[in-house]
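Contents: one structure, followed by commentary.
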Amino acid sequence: LLHFRDMTWLREQGFKTYDFGGYAANTADPALQHINEFKDSFGGELVEESNYASAAISLLRRVKSAFKRTPTSRPATS
């Protein structure tokens, strides 16, 4: 009911699209199938989107990840 109210209000505001935030296509997981069925019950159309990250962002993530995994050594104390 909350999603329907949101959709109704957003339509009144001029919005044409409501994104449920993902769809588990071709899943064998019963829990995800139930979520898909819930989303399907509203009608509409499934829109495929790609997640995109630039090469620079991908490189930055790899460098950041490498630094997190690198153990640090501390100087010996006397």
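Residue names in the structure tokens use chain letters A, B, ... in the order shown, residue numbers from 1 in each chain, and ligand numbers from 1 in the order shown.
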I'd like the neighbourhood of stretch 45-50 of chain A as an MDAnalysis selection string, where a residue qualifies if any of its atoms comes within 10 Å (using only C-alpha atoms), though same-chain residues fewer than 3 positions away should be ignored.
chainID A and resid 17 19 22:23 39:40 42 53
Backbone DSSP call of alpha helix (DSSP H) for chain A, listed as a ChimeraX atom specification:
/A:2-12,30-40,55-69
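Going from atom CA of A:Leu1 to atom CA of A:Ser41 covers 12.0 Å.
Atom CA of A:Ala56 is found 29.3 Å from atom CA of A:Phe20.
We find atom CA of A:Phe38 and atom CA of A:His3 to be spaced 10.8 Å apart.
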